[in-house]
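All remarks here apply to the structure that follows.
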Amino acid sequence: MKVPLSWLKDYVDITIPLAELAERLTLAGLEVETIEYIGLPEAALPWDPEKIVVGELRAVHYHPNADRLVLAEVEYGGPEPEVVVSGPPSLLPLRGQSNLHLKVAFAMEGARLWDPYAEEPHIKKLKKVNIRGVSSRAMVCSEKELGLSDDHDEIIYLPDDAPVGTPLADYLGDAVLELDIKGPFGHLYSILGIAREVAALLHLPLRRDVLEALERHPAELTPTPDFIALEIADPDLCPRYSAAFIRGVKVEPSPFWMQLRLRRAGMRPINNVVDITNYVMLESGQPLHAFDYHVLRSRPGDDRPAIIVRRARPGEQMATLDGELRTFDDEMLLITDGGGPVAVAGVMGGLESEVTEATTDVLLEAANFHFLNVRRTSRLLGLASDASQRFGRRVDPELTVKAAARAAHLMAELGGGAVVPVIGDLYPGCQPQRVLEFDPAYAARVLGIEIPTDEIERILTSLEFQVQPTNLRIYESTNLPIYQVTVPSHRLDVTRPIDLVEEVGRIWGYDRFPTTLLRDELPPQRANPRLEGAERVRDLLIGCGLDEVITYSLVNVEDEGKLRPQGSASSPLISGGTEGGLRVLNPLSAERAYLRQTLLPSLLHTTRENLRFLDRVTIFEIGAVYLPVEGQILPNEPLRLGMVMTGPREARSWLAGQDSTPLDFYDLKGVVETLLAGLGLEGTFELGEYPAFHPGRCAQVSVGDKVVGVMGELHPLVREAFDLPEQPVCALEFDLEVLLAQVGKVRTMQPISRFPAVVQDVALVVDENLSAEEVRQAILAFGGQLLQDARLFDLYRGEQIAPGKKSLAYSLTYQADDRTLTDDEVAKVQERIVRRLAEELGAELRA
């Protein structure tokens, strides 16, 4: 929000330096992002007070040698008027006229101005020149030359009361504070709201004479005015609707002072009627809208035009002021007349009912709408406005009549209209006043500092809270009073005593709090295995060369469906589709409508986007998924680990002999084994069948008797669905909760033997349906304490092997802790292993 300093000073006398004011506001929670200086010494182009002044154009003469130029005679406070060559279109009809009194911005020789003809911003120094045979050493300025706007077609005309000879920097110079206000604080989106904060921070009073303009309103409020038929069909979305009527308005440009303030506040002047609605909105924080009264339609049987506030009918359409045809759903609130929609409530007016030059009678709307509904409508329509920005942060419903009256009187003053002394007002959402108890001892406990009670009263009163001390005591050992605090209607954010403590603390100044040590005992420090385990997993995977990514929790449900090619069933771990999916009520877009139930779609999208620039992608993500639970409102949110690897095995380098073969299942398996080993776990890999993965290139991973996830090479159809290149794409998804639950178990450490190991190979013929891991576990079990390891190094199927059989070759490592093993000892153990394998698994020693 942009706040011109000159406008702010209408409400409060500011005497401290602007930089100090900006710091005070920022520390109080109103962050000042930038300060734009206009004409002042701190500006990019300061206006020299000796050379750029208010001038008075007294006469316009013909140029002897040019039809499109004039000689302008200007008084500027010097000994003699100055005659300058100028050529604005507005002066051409005035040629030959004298005794004029047009106030202008006048620059004398030596003044520094923006060059209006330069392609890039450039400052030039005004010099004496000869223009078509006439000498000219000064000029009448346009807005562009002074840096006010890009308009160079016309000169600036100042108000008639502008004092001749006054430095222009004193008359038009200004500073504009741009504030970044976060949170639902609609009361701060106005000049009045900021002025109230400044007055409280600087211990200054608000100027009541300006505020009284907002307090004036007609004596009569009625729900049934003669000029309009009002109805609120959906009071849950429209707590209040007020309407004023102004007859005989002349639509024309608004006065210079109003245009100037609007521009500096970031708004474009249009005409006096629209500008007044914007001006009052900026001043008070209450958005307004002006309808052309004679365009509004009545309902059958009623001569009066009608205004009905109701929800839209599904598919209902209207062209908004920006010329776009909008389609509404049944949760969007509309302002309608007897024939249909005329405005989107709280967002933007309709094109058909806008005020034009032909408008003479104006119906002025000042209403209050439910903030969440306005935010939803604005987002879904992709239609943001200054009104929706304010309504979306909650606006005080008590402002409607005050703002309508203020704007109506401005239209009478600046547009020549006559205000009907009645305001139509429907107020179904009237709320009782909020009264809170405030205990200074509680504030001291929360803030850690005792603020004097008289200062507490001053702060709250300056923010327009009504403070009344009582005889109540909560702590008998203190003599501090308990206050009954009545919350002003504009402070919709204050609902609890802690909110009052925050107000006192921020206005007192957090920078004034002394630096102290914590007096209370530190809470007991407890381990967080879930967090610590996730961090350990991150460290291990980054050590393996993978990059961590963070993706959206909201996904397109169609992407999860792509994990099930040809309509196959979803797996217990990797689900997809709308079955049981959680849909967000107000999604940002159709692509972000569902809470994810798996990490893989987002990871695959990230892989695709990165493959546009890289030839190798190895990424992982640790994040929650959202699984609905029958009978519960909220879902379970288990942590998952997702991983994707694709591209050449080694990254591109200048070194010769690189391995450019693609990453495959075994590279992914190696990362998993490293991860498990780093966590002190040992996993088993069994053939798995999951629709997202390539048949025969998929494994189910278990730790102990717990299945932790699935891994493998992506199914070709899934790869194509995500628009990935034709190369192996390996992925996995683990249930991190299950995996980390295994980490907490006790690990038994064994000393490393100082005696040499003996390595023997054994080749076994087993049934095809036996897995290599089953055989390995049996070997380890039958080998006893001397067998330290068994590692598969060969798998063979061929002519020498009977059908339905396969050959598995293992490397067996024998080692004792207290001696060097002999060949006889090793042979006895290996014979026992082969015998037991034959008995238990039907294995035969391969010749």
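Labeling convention for the structure tokens: chains A, B, ... as they appear, residues from 1 per chain, ligands from 1 in order of appearance.
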
Subject >> helix (DSSP H, G or I) residues, from DSSP on the backbone, in segment 400-498 of chain A, as a ChimeraX atom specification >> reply: /A:400-415,440-447,453-462,497-498

Original post:
segment 165-411 of chain A: which residues are strand (DSSP E or B) by DSSP, as a ChimeraX atom specification?
Top reply: /A:167,174-180,220-222,229-232,240-247,289-292,298,305-311,317-320,325-327,333-336,341-344,348-350,362-368

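When the distance limit is 7 Å and only C-alpha atoms are what count, the residues near Lys125 of chain A, minus those fewer than 2 positions from it on the same chain, are Gly110, Ala111, Arg112, Leu113, Ile123 and Lys127 of chain A.
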
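Of the residues listed (A:Val537, A:Val74, A:Leu611, A:Leu5), A:Leu5 shows the shortest atom-to-atom separation from Arg264 of chain A; distances use only C-alpha atoms.
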
**OP:** Excluding Ile228 of chain A and residues on its chain fewer than 5 positions from it, collect all residues at most 6 Å away from it, counting only C-alpha atoms, and give them as a PyMOL selection string.
**Re:** chain A and resi 304-306

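Checking A:Gly173, A:Pro41, A:Gly96, A:Gly87 one by one against Val140 of chain A, counting only C-alpha atoms, you find the shortest gap at A:Gly87.
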
Subject >> Test item: residues at most 8 Å from Thr377 of chain A, only C-alpha atoms, excluding those fewer than 5 positions along its chain, as a PyMOL selection string >> reply: chain A and resi 332-333+347

Can I get the selection written as a tab-separated table (two decimals), in the first residue's frame, with N, CA, C and O atoms?
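Wrote it out as again.tsv, contents follow:
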```tsv
chain	number	residue	atom	x	y	z
A	332	MET	N	-20.26	-17.96	-5.60
A	332	MET	CA	-19.81	-16.58	-5.81
A	332	MET	C	-20.97	-15.63	-5.58
A	332	MET	O	-22.09	-15.88	-6.01
A	333	LEU	N	-20.69	-14.53	-4.90
A	333	LEU	CA	-21.73	-13.57	-4.55
A	333	LEU	C	-21.78	-12.47	-5.61
A	333	LEU	O	-20.75	-11.93	-6.01
A	347	VAL	N	-15.47	-7.39	-5.61
A	347	VAL	CA	-14.35	-7.58	-6.54
A	347	VAL	C	-14.34	-6.51	-7.63
A	347	VAL	O	-13.41	-5.70	-7.73
```

Subject >> Gap from atom CA of Ile622 of chain A to atom CA of Pro695 of chain A - Å, one decimal >> reply: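 Going from atom CA of Ile622 of chain A over to atom CA of Pro695 of chain A, I get 26.2 Å.
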
Original post:
Skipping near chain neighbours, those fewer than 6 positions away, what residues fall within 10 Å of Pro225 of chain A using only C-alpha atoms, listed as a list in words?
Top reply: Ala243, Ala244, Phe245, Arg304, Val422, Ile423, Gly424 and Asp425 of chain A

Only C-alpha atoms, please: the residues just picked out, written as an mmCIF file, in the first residue's frame.
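Okay, this is what ended up in result01.cif:
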```cif
data_model
loop_
_atom_site.group_PDB
_atom_site.id
_atom_site.type_symbol
_atom_site.label_atom_id
_atom_site.label_comp_id
_atom_site.auth_asym_id
_atom_site.auth_seq_id
_atom_site.Cartn_x
_atom_site.Cartn_y
_atom_site.Cartn_z
ATOM 1 C CA ALA A 243 -26.808 2.759 -0.800
ATOM 2 C CA ALA A 244 -26.806 6.538 -1.324
ATOM 3 C CA PHE A 245 -28.389 8.435 -4.213
ATOM 4 C CA ARG A 304 -37.896 1.486 -8.428
ATOM 5 C CA VAL A 422 -31.640 9.292 3.029
ATOM 6 C CA ILE A 423 -29.359 6.271 2.901
ATOM 7 C CA GLY A 424 -30.784 2.831 2.239
ATOM 8 C CA ASP A 425 -29.273 0.436 4.757
#
```

**OP:** Would you list the contacts of Ile308 of chain A as an NGL selection string, taking every protein, DNA or RNA residue within 12 Å and counting only C-alpha atoms, but skipping same-chain residues closer than 3 positions in sequence?
**Re:** :A and (228-235 or 238 or 241-243 or 296-299 or 305 or 311-312 or 333-345 or 426)

With N, CA, C and O atoms retained, could you export that selection as a compact mmCIF listing (two decimals), in the first residue's frame?
```
# COMPACT_ATOMS: atom_id res chain seq x y z
N ILE A 228 -34.60 3.08 -4.32
CA ILE A 228 -34.06 1.76 -4.66
C ILE A 228 -34.75 0.71 -3.80
O ILE A 228 -35.10 0.95 -2.64
N ALA A 229 -34.95 -0.48 -4.38
CA ALA A 229 -35.48 -1.63 -3.64
C ALA A 229 -34.31 -2.53 -3.28
O ALA A 229 -33.67 -3.11 -4.16
N LEU A 230 -34.00 -2.64 -2.00
CA LEU A 230 -32.83 -3.40 -1.54
C LEU A 230 -33.25 -4.75 -0.98
O LEU A 230 -34.26 -4.87 -0.30
N GLU A 231 -32.42 -5.76 -1.27
CA GLU A 231 -32.64 -7.10 -0.70
C GLU A 231 -31.30 -7.81 -0.58
O GLU A 231 -30.49 -7.79 -1.51
N ILE A 232 -31.06 -8.40 0.58
CA ILE A 232 -29.90 -9.28 0.77
C ILE A 232 -30.42 -10.70 0.87
O ILE A 232 -30.97 -11.10 1.91
N ALA A 233 -30.27 -11.46 -0.19
CA ALA A 233 -30.80 -12.83 -0.20
C ALA A 233 -29.89 -13.79 0.55
O ALA A 233 -30.35 -14.84 1.01
N ASP A 234 -28.60 -13.45 0.67
CA ASP A 234 -27.64 -14.33 1.34
C ASP A 234 -26.89 -13.54 2.41
O ASP A 234 -25.74 -13.12 2.19
N PRO A 235 -27.52 -13.31 3.55
CA PRO A 235 -26.88 -12.48 4.60
C PRO A 235 -25.63 -13.11 5.19
O PRO A 235 -24.85 -12.41 5.82
N CYS A 238 -23.14 -11.36 3.05
CA CYS A 238 -23.24 -9.90 2.98
C CYS A 238 -23.86 -9.40 4.28
O CYS A 238 -25.08 -9.29 4.39
N TYR A 241 -25.42 -3.82 3.64
CA TYR A 241 -25.44 -3.17 2.32
C TYR A 241 -26.09 -1.79 2.49
O TYR A 241 -27.23 -1.69 2.96
N SER A 242 -25.34 -0.75 2.11
CA SER A 242 -25.84 0.63 2.19
C SER A 242 -25.78 1.25 0.80
O SER A 242 -24.87 0.95 0.02
N ALA A 243 -26.74 2.12 0.51
CA ALA A 243 -26.81 2.76 -0.80
C ALA A 243 -27.23 4.21 -0.64
O ALA A 243 -28.19 4.52 0.06
N LEU A 296 -29.85 0.65 -14.08
CA LEU A 296 -30.34 -0.41 -13.20
C LEU A 296 -31.81 -0.72 -13.50
O LEU A 296 -32.62 0.19 -13.72
N ARG A 297 -32.14 -2.00 -13.49
CA ARG A 297 -33.49 -2.45 -13.85
C ARG A 297 -34.31 -2.77 -12.60
O ARG A 297 -33.76 -3.11 -11.55
N SER A 298 -35.61 -2.65 -12.75
CA SER A 298 -36.52 -2.92 -11.64
C SER A 298 -37.06 -4.34 -11.74
O SER A 298 -36.95 -5.00 -12.78
N ARG A 299 -37.68 -4.79 -10.66
CA ARG A 299 -38.36 -6.08 -10.67
C ARG A 299 -39.79 -5.88 -11.13
O ARG A 299 -40.33 -4.77 -11.00
N PRO A 305 -35.69 0.91 -9.34
CA PRO A 305 -34.66 -0.08 -9.65
C PRO A 305 -34.40 -0.96 -8.43
O PRO A 305 -34.67 -0.55 -7.28
N ARG A 311 -26.24 -15.24 -4.17
CA ARG A 311 -25.28 -16.14 -4.79
C ARG A 311 -25.60 -16.29 -6.28
O ARG A 311 -26.77 -16.21 -6.68
N ALA A 312 -24.56 -16.51 -7.05
CA ALA A 312 -24.76 -16.68 -8.49
C ALA A 312 -25.42 -18.03 -8.77
O ALA A 312 -25.30 -18.98 -7.99
N LEU A 333 -20.69 -14.53 -4.90
CA LEU A 333 -21.73 -13.57 -4.55
C LEU A 333 -21.78 -12.47 -5.61
O LEU A 333 -20.75 -11.93 -6.01
N LEU A 334 -23.01 -12.17 -6.03
CA LEU A 334 -23.22 -11.15 -7.06
C LEU A 334 -24.12 -10.03 -6.53
O LEU A 334 -24.94 -10.24 -5.65
N ILE A 335 -23.92 -8.85 -7.11
CA ILE A 335 -24.87 -7.76 -6.96
C ILE A 335 -25.72 -7.77 -8.23
O ILE A 335 -25.19 -7.66 -9.34
N THR A 336 -27.01 -7.92 -8.08
CA THR A 336 -27.88 -8.02 -9.24
C THR A 336 -28.98 -6.96 -9.16
O THR A 336 -29.28 -6.44 -8.09
N ASP A 337 -29.55 -6.64 -10.34
CA ASP A 337 -30.74 -5.79 -10.36
C ASP A 337 -31.93 -6.65 -10.79
O ASP A 337 -31.85 -7.89 -10.74
N GLY A 338 -32.99 -6.03 -11.23
CA GLY A 338 -34.16 -6.80 -11.62
C GLY A 338 -33.96 -7.67 -12.84
O GLY A 338 -34.77 -8.55 -13.11
N GLY A 339 -32.86 -7.46 -13.56
CA GLY A 339 -32.63 -8.23 -14.79
C GLY A 339 -31.47 -9.18 -14.76
O GLY A 339 -31.35 -10.04 -15.62
N GLY A 340 -30.57 -9.03 -13.78
CA GLY A 340 -29.41 -9.92 -13.73
C GLY A 340 -28.23 -9.28 -13.04
O GLY A 340 -28.36 -8.23 -12.39
N PRO A 341 -27.04 -9.86 -13.18
CA PRO A 341 -25.86 -9.36 -12.46
C PRO A 341 -25.43 -7.97 -12.95
O PRO A 341 -25.47 -7.68 -14.15
N VAL A 342 -25.00 -7.15 -11.99
CA VAL A 342 -24.44 -5.84 -12.33
C VAL A 342 -23.07 -5.64 -11.68
O VAL A 342 -22.39 -4.66 -11.98
N ALA A 343 -22.64 -6.56 -10.81
CA ALA A 343 -21.32 -6.45 -10.19
C ALA A 343 -20.97 -7.77 -9.52
O ALA A 343 -21.86 -8.54 -9.12
N VAL A 344 -19.66 -8.04 -9.40
CA VAL A 344 -19.17 -9.16 -8.61
C VAL A 344 -18.89 -8.61 -7.21
O VAL A 344 -18.05 -7.73 -7.04
N ALA A 345 -19.61 -9.09 -6.24
CA ALA A 345 -19.57 -8.51 -4.89
C ALA A 345 -18.15 -8.48 -4.35
O ALA A 345 -17.49 -9.51 -4.26
N LEU A 426 -29.35 -1.97 4.85
CA LEU A 426 -29.72 -3.29 5.38
C LEU A 426 -28.54 -3.81 6.17
O LEU A 426 -27.42 -3.85 5.67
```

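Proximity ranking of A:Gly683, A:Glu558, A:Val738, A:Arg776 relative to Leu641 of chain A places A:Val738 first, based on only C-alpha atoms.
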
**OP:** Please measure the separation of atom CA of Arg458 of chain A and atom CA of Leu500 of chain A, giving the value in Å to one decimal.
**Re:** 12.9 Å

Original post:
Between A:Asp330, A:Glu73, A:Glu503, A:Asp292, which is the closest to Glu197 of chain A once you count only C-alpha atoms?
Top reply: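 Closest to Glu197 of chain A of all the choices is A:Glu503.
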
Original post:
Using only C-alpha atoms, which of the listed residues (A:Phe734, A:Phe513, A:Tyr626, A:Phe693) sits closest to Gly642 of chain A?
Top reply: A:Phe734
